[in-house]
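Everything below concerns the one structure shown next.
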Amino acid sequence: MPSAWRTLRRRVLTPSTSETLLEKRGFHRKSPDAQHLLESVGGRFLEGYAYAMEARDPAAAELRLEGVPVPFRGFAYEGAGMGFAVLDGLPLSGRGSVGRFLAGRGADHVYMVYVGIGWAMARLPRFRWPDVDGLDPLLRWLVLDGYGFHQAYFRTARYVHEQYREPAFPWPAGDTPSYAGRAIDQGIGRALWFVGGTDADLVATMIEKFPESRWSDLYSGAGLAATYAGGADEAELRAFRDRAGPHRAIVAQGSAFAAEARLRAGLLVPHTELATRVLCGMGPEEAARVTRDVRPAGPVPGALPAYEVWRRAVADRLANDGGC
């Protein structure tokens with residue numbers, strides 16, 4: 001494909017960075033520093049998306065993604081994951097871009113790439129949705145996490161303030177479709193960290209406006225975002241942990257998942273270490289090791305998907321070892 005066409009494709013298909021401004025989204029602005037952080041995350045996400053749109057192949061995008069500063073590189077890979085999934089879903093574009101991306105450096109960012117695929121799912125017509133059956137059976141629930149984040153971020157009134165939940169989400173994979181709403185809620189919880197402008201008390205207040213049956217998944221997602229994206233100091237994190245009450249262990253689970261995502265990609269930053277020490281009661285390396293130690297090696301018996309069994313095992317271990 002000629003480079004001029006790829007450049008035009010990027011310009012036409014890449015959203016404006018103005019869409020990520022907190023004022024534009026109507027999100028809370030806790031402080032100038034928090035606002036700058038969250039808007040930088042959004043900008044770097046779109047930067048990664050644009051790299052995917054313009055690249056002749058995933059390897060070319062990787063060269064540019066590796067130049068994104070460490071704190072934001074994972075978000076750029078997430079955006080690229082969305083971009084390649086969108087390309088796979090466009091008529092005449094062919095398929096396989098996501099697979100080639102994950103076969104390269106994207107493998108180290110698999111958690112973020114899967115979440116990015118969920119963003120694409122939210123933007124594509126259903127008949128062009130990504131082939132989730134071809135993804136890792138354990139991790140593909142992260143696609144719905146990404147879908148939930150997108151809906152809460154861009155359709156905030158309905159998904160956050162009205163607490164809308166799709167009654168029967170058409171999950172393309174055949175495994176445990178009844179779990180889809182919970183996976184989406186985990187993404188909504190992550191988005192609440194952005195909607196609330198990293199104001200931990202406000203985020204907890206928003207969570208507690210939802211039906212109590214949804215709090216656990218929402219708290220987990222918020223704990224993940226607090227750890228991966230940052231934006232809260234130690235006192236705020238401690239208050240958030242305490243506010244979670246009986247959901248403290250699942251907040252720790254989300255935090256541990258964030259630590260594993262950053263460490264696997266070689267992107268550890270100080271705010272992740274601070275968050276895991278507060279929310280998990282241990283350093284990021286230890287928290288990430290817990291996620292690896294209890295990760296299911298294959299299908300598990302029972303009605304719950306292996307992904308949920310994994311999350312519960314992580315939460316239980318952290319409750320015992322970290323005192324959550």
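Chain identifiers are assigned as A, B, and so on, following the order in which chains appear in the structure tokens; residues are numbered from 1 within each chain, and ligands are numbered from 1 in order of appearance.
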
Interface rows for region 98-162 of chain A against region 21-24 of chain A: nearest pair, Å to one decimal, 12 Å, only C-alpha atoms, as JSON lines:
{"residue": "A:Tyr153", "atom": "CA", "partner": "A:Leu22", "partner_atom": "CA", "distance": 10.4}
{"residue": "A:Phe154", "atom": "CA", "partner": "A:Lys24", "partner_atom": "CA", "distance": 10.4}
{"residue": "A:Thr156", "atom": "CA", "partner": "A:Lys24", "partner_atom": "CA", "distance": 11.9}

(message) For the helix (DSSP H, G or I) assignment from backbone DSSP, which residues of region 36-271 of chain A qualify? Please present them as a PyMOL selection string.
(response) chain A and resi 36-54+58-65+70-89+97-103+105-123+126-128+132-134+141-154+156-161+177-195+200-207+212-228+234-264+270-271

Per residue of region 301-324 of chain A within 10 Å of region 279-295 of chain A, what are the shortest atom pair and its distance in Å to one decimal, counting only C-alpha atoms, with rows by chain and residue number, as JSON lines?
{"residue": "A:Ala306", "atom": "CA", "partner": "A:Arg295", "partner_atom": "CA", "distance": 8.8}
{"residue": "A:Tyr307", "atom": "CA", "partner": "A:Arg295", "partner_atom": "CA", "distance": 8.6}
{"residue": "A:Val309", "atom": "CA", "partner": "A:Arg295", "partner_atom": "CA", "distance": 8.8}
{"residue": "A:Trp310", "atom": "CA", "partner": "A:Arg295", "partner_atom": "CA", "distance": 5.7}
{"residue": "A:Arg311", "atom": "CA", "partner": "A:Thr291", "partner_atom": "CA", "distance": 8.3}
{"residue": "A:Arg312", "atom": "CA", "partner": "A:Val294", "partner_atom": "CA", "distance": 9.6}
{"residue": "A:Ala313", "atom": "CA", "partner": "A:Val294", "partner_atom": "CA", "distance": 6.3}
{"residue": "A:Val314", "atom": "CA", "partner": "A:Thr291", "partner_atom": "CA", "distance": 5.8}
{"residue": "A:Ala315", "atom": "CA", "partner": "A:Cys280", "partner_atom": "CA", "distance": 9.2}
{"residue": "A:Arg317", "atom": "CA", "partner": "A:Val290", "partner_atom": "CA", "distance": 7.2}
{"residue": "A:Leu318", "atom": "CA", "partner": "A:Cys280", "partner_atom": "CA", "distance": 6.3}
{"residue": "A:Ala319", "atom": "CA", "partner": "A:Cys280", "partner_atom": "CA", "distance": 8.1}
{"residue": "A:Asp321", "atom": "CA", "partner": "A:Gly281", "partner_atom": "CA", "distance": 8.0}
{"residue": "A:Gly322", "atom": "CA", "partner": "A:Gly281", "partner_atom": "CA", "distance": 4.4}
{"residue": "A:Gly323", "atom": "CA", "partner": "A:Gly281", "partner_atom": "CA", "distance": 6.5}
{"residue": "A:Cys324", "atom": "CA", "partner": "A:Cys280", "partner_atom": "CA", "distance": 6.3}

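Separating CA of Trp129 (chain A) from CA of Ala55 (chain A) is a distance of 21.2 Å.
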
(message) If I take CA of Leu224 (chain A) and CA of Arg25 (chain A), how far is one from the other in Å, to one decimal?
(response) 21.3 Å

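Those residues that approach region 201-211 of chain A to within 8 Å, counting only C-alpha atoms, are Val160, Gln163, Gly189, Leu192, Trp193, Val195, Gly196, Thr198, Arg214, Trp215, Leu218, Tyr219, Ala222, Glu236, Ala239, Phe240, Arg243 and Ala244 of chain A; same-chain residues fewer than 3 positions away are not listed.
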
(message) Which residues are near Gly43 (chain A)? Cut-off 7 Å, only C-alpha atoms, ignore same chain within fewer than 3 positions. Put them as a PyMOL selection string.
(response) chain A and resi 17+20+39-40+46-47

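By only C-alpha atoms, and with residues fewer than 3 positions from region 142-144 of chain A along its chain excluded, the set lying at most 7 Å from it is Tyr114, Val115, Ile117, Gly118, Leu139, Tyr147, Gly148, Ala180, Ala183 and Ile184 of chain A.
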
Write out, as a PDB file, in the first residue's frame, the residues just selected, with all heavy atoms.
ATOM      1  N   TYR A 114      -5.044  -6.707  24.056  1.00  0.00           N
ATOM      2  CA  TYR A 114      -6.374  -7.295  24.141  1.00  0.00           C
ATOM      3  C   TYR A 114      -7.418  -6.250  24.529  1.00  0.00           C
ATOM      4  O   TYR A 114      -8.531  -6.229  23.997  1.00  0.00           O
ATOM      5  CB  TYR A 114      -6.376  -8.447  25.152  1.00  0.00           C
ATOM      6  CG  TYR A 114      -5.953  -9.780  24.575  1.00  0.00           C
ATOM      7  CD1 TYR A 114      -5.000  -9.867  23.570  1.00  0.00           C
ATOM      8  CD2 TYR A 114      -6.487 -10.962  25.052  1.00  0.00           C
ATOM      9  CE1 TYR A 114      -4.600 -11.087  23.055  1.00  0.00           C
ATOM     10  CE2 TYR A 114      -6.093 -12.201  24.537  1.00  0.00           C
ATOM     11  CZ  TYR A 114      -5.150 -12.254  23.539  1.00  0.00           C
ATOM     12  OH  TYR A 114      -4.768 -13.461  23.022  1.00  0.00           O
ATOM     13  N   VAL A 115      -7.059  -5.377  25.455  1.00  0.00           N
ATOM     14  CA  VAL A 115      -7.971  -4.303  25.837  1.00  0.00           C
ATOM     15  C   VAL A 115      -8.242  -3.398  24.639  1.00  0.00           C
ATOM     16  O   VAL A 115      -9.383  -2.973  24.398  1.00  0.00           O
ATOM     17  CB  VAL A 115      -7.380  -3.505  27.018  1.00  0.00           C
ATOM     18  CG1 VAL A 115      -8.146  -2.206  27.232  1.00  0.00           C
ATOM     19  CG2 VAL A 115      -7.409  -4.344  28.296  1.00  0.00           C
ATOM     20  N   ILE A 117      -8.283  -4.250  21.545  1.00  0.00           N
ATOM     21  CA  ILE A 117      -9.202  -4.953  20.653  1.00  0.00           C
ATOM     22  C   ILE A 117     -10.646  -4.676  21.070  1.00  0.00           C
ATOM     23  O   ILE A 117     -11.540  -4.538  20.226  1.00  0.00           O
ATOM     24  CB  ILE A 117      -8.899  -6.461  20.649  1.00  0.00           C
ATOM     25  CG1 ILE A 117      -7.512  -6.725  20.036  1.00  0.00           C
ATOM     26  CG2 ILE A 117      -9.969  -7.231  19.882  1.00  0.00           C
ATOM     27  CD1 ILE A 117      -7.035  -8.160  20.215  1.00  0.00           C
ATOM     28  N   GLY A 118     -10.876  -4.591  22.381  1.00  0.00           N
ATOM     29  CA  GLY A 118     -12.213  -4.276  22.874  1.00  0.00           C
ATOM     30  C   GLY A 118     -12.676  -2.895  22.451  1.00  0.00           C
ATOM     31  O   GLY A 118     -13.873  -2.679  22.179  1.00  0.00           O
ATOM     32  N   LEU A 139      -7.193 -15.040  28.529  1.00  0.00           N
ATOM     33  CA  LEU A 139      -7.052 -13.586  28.510  1.00  0.00           C
ATOM     34  C   LEU A 139      -8.089 -12.865  27.663  1.00  0.00           C
ATOM     35  O   LEU A 139      -8.224 -11.647  27.764  1.00  0.00           O
ATOM     36  CB  LEU A 139      -5.651 -13.209  28.014  1.00  0.00           C
ATOM     37  CG  LEU A 139      -4.469 -13.644  28.882  1.00  0.00           C
ATOM     38  CD1 LEU A 139      -3.163 -13.171  28.252  1.00  0.00           C
ATOM     39  CD2 LEU A 139      -4.596 -13.120  30.304  1.00  0.00           C
ATOM     40  N   TYR A 147     -13.898  -3.089  25.986  1.00  0.00           N
ATOM     41  CA  TYR A 147     -15.202  -2.617  25.510  1.00  0.00           C
ATOM     42  C   TYR A 147     -15.896  -1.799  26.603  1.00  0.00           C
ATOM     43  O   TYR A 147     -16.443  -0.727  26.337  1.00  0.00           O
ATOM     44  CB  TYR A 147     -16.060  -3.816  25.115  1.00  0.00           C
ATOM     45  CG  TYR A 147     -17.471  -3.461  24.701  1.00  0.00           C
ATOM     46  CD1 TYR A 147     -17.769  -3.177  23.369  1.00  0.00           C
ATOM     47  CD2 TYR A 147     -18.509  -3.414  25.632  1.00  0.00           C
ATOM     48  CE1 TYR A 147     -19.071  -2.841  22.992  1.00  0.00           C
ATOM     49  CE2 TYR A 147     -19.804  -3.080  25.251  1.00  0.00           C
ATOM     50  CZ  TYR A 147     -20.083  -2.801  23.939  1.00  0.00           C
ATOM     51  OH  TYR A 147     -21.363  -2.468  23.564  1.00  0.00           O
ATOM     52  N   GLY A 148     -15.871  -2.300  27.833  1.00  0.00           N
ATOM     53  CA  GLY A 148     -16.506  -1.590  28.935  1.00  0.00           C
ATOM     54  C   GLY A 148     -15.866  -0.243  29.195  1.00  0.00           C
ATOM     55  O   GLY A 148     -16.558   0.756  29.463  1.00  0.00           O
ATOM     56  N   ALA A 180     -20.081 -12.139  30.655  1.00  0.00           N
ATOM     57  CA  ALA A 180     -19.720 -10.971  29.848  1.00  0.00           C
ATOM     58  C   ALA A 180     -19.968  -9.659  30.584  1.00  0.00           C
ATOM     59  O   ALA A 180     -19.135  -8.747  30.554  1.00  0.00           O
ATOM     60  CB  ALA A 180     -20.473 -10.991  28.525  1.00  0.00           C
ATOM     61  N   ALA A 183     -17.167  -8.904  33.062  1.00  0.00           N
ATOM     62  CA  ALA A 183     -15.928  -8.467  32.424  1.00  0.00           C
ATOM     63  C   ALA A 183     -16.053  -7.023  31.943  1.00  0.00           C
ATOM     64  O   ALA A 183     -15.112  -6.230  32.066  1.00  0.00           O
ATOM     65  CB  ALA A 183     -15.587  -9.397  31.262  1.00  0.00           C
ATOM     66  N   ILE A 184     -17.208  -6.671  31.406  1.00  0.00           N
ATOM     67  CA  ILE A 184     -17.446  -5.290  30.980  1.00  0.00           C
ATOM     68  C   ILE A 184     -17.380  -4.350  32.174  1.00  0.00           C
ATOM     69  O   ILE A 184     -16.809  -3.247  32.101  1.00  0.00           O
ATOM     70  CB  ILE A 184     -18.800  -5.183  30.255  1.00  0.00           C
ATOM     71  CG1 ILE A 184     -18.728  -5.904  28.903  1.00  0.00           C
ATOM     72  CG2 ILE A 184     -19.210  -3.720  30.052  1.00  0.00           C
ATOM     73  CD1 ILE A 184     -20.059  -6.062  28.211  1.00  0.00           C
TER      74      ILE A 184
END

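Proximity to Tyr49 (chain A) was assessed for A:Phe101, A:Tyr77, A:Tyr228, A:Tyr179 counting only C-alpha atoms; the smallest distance is recorded for A:Tyr77.
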
(request) Could you give me, as JSON, numbers by chain, the residues within 8 Å of Glu273 (chain A), counting only C-alpha atoms and dropping anything in the same chain fewer than 3 positions from it? (result) {"A": [227, 259, 268, 269, 270, 276, 277, 283, 284]}

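Distances from A:Pro177, A:Pro172, A:Gly67, A:Gly266 to Leu304 (chain A) were compared using only C-alpha atoms, and the smallest one belongs to A:Pro177.
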
(request) Could you tell me which of A:His271, A:Ser216, A:Gly231, A:Asp185 comes closest to Ala252 (chain A) if we count only C-alpha atoms? (result) A:Ser216

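Taking only C-alpha atoms into account, Phe194 (chain A) lies nearest to A:Phe27 out of the set A:Ala173, A:Phe27, A:Trp141, A:Gln151.
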
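Residues in contact range of Gly48 (chain A), defined as at most 8 Å between only C-alpha atoms, with sequence neighbours fewer than 6 positions away removed, read Leu65, Phe75, Ala76, Tyr77, Glu78, Gly79, Ala80 and Gly83 of chain A.
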
(request) Go through A:Leu267, A:Arg123, A:Leu102, A:Pro91 and flag the residue nearest Pro15 (chain A), using only C-alpha atoms for the distances. (result) A:Arg123

(request) Enter the distance from CA of Ser255 (chain A) to CA of Arg100 (chain A), in Å, rounded to one decimal. (result) 29.0 Å
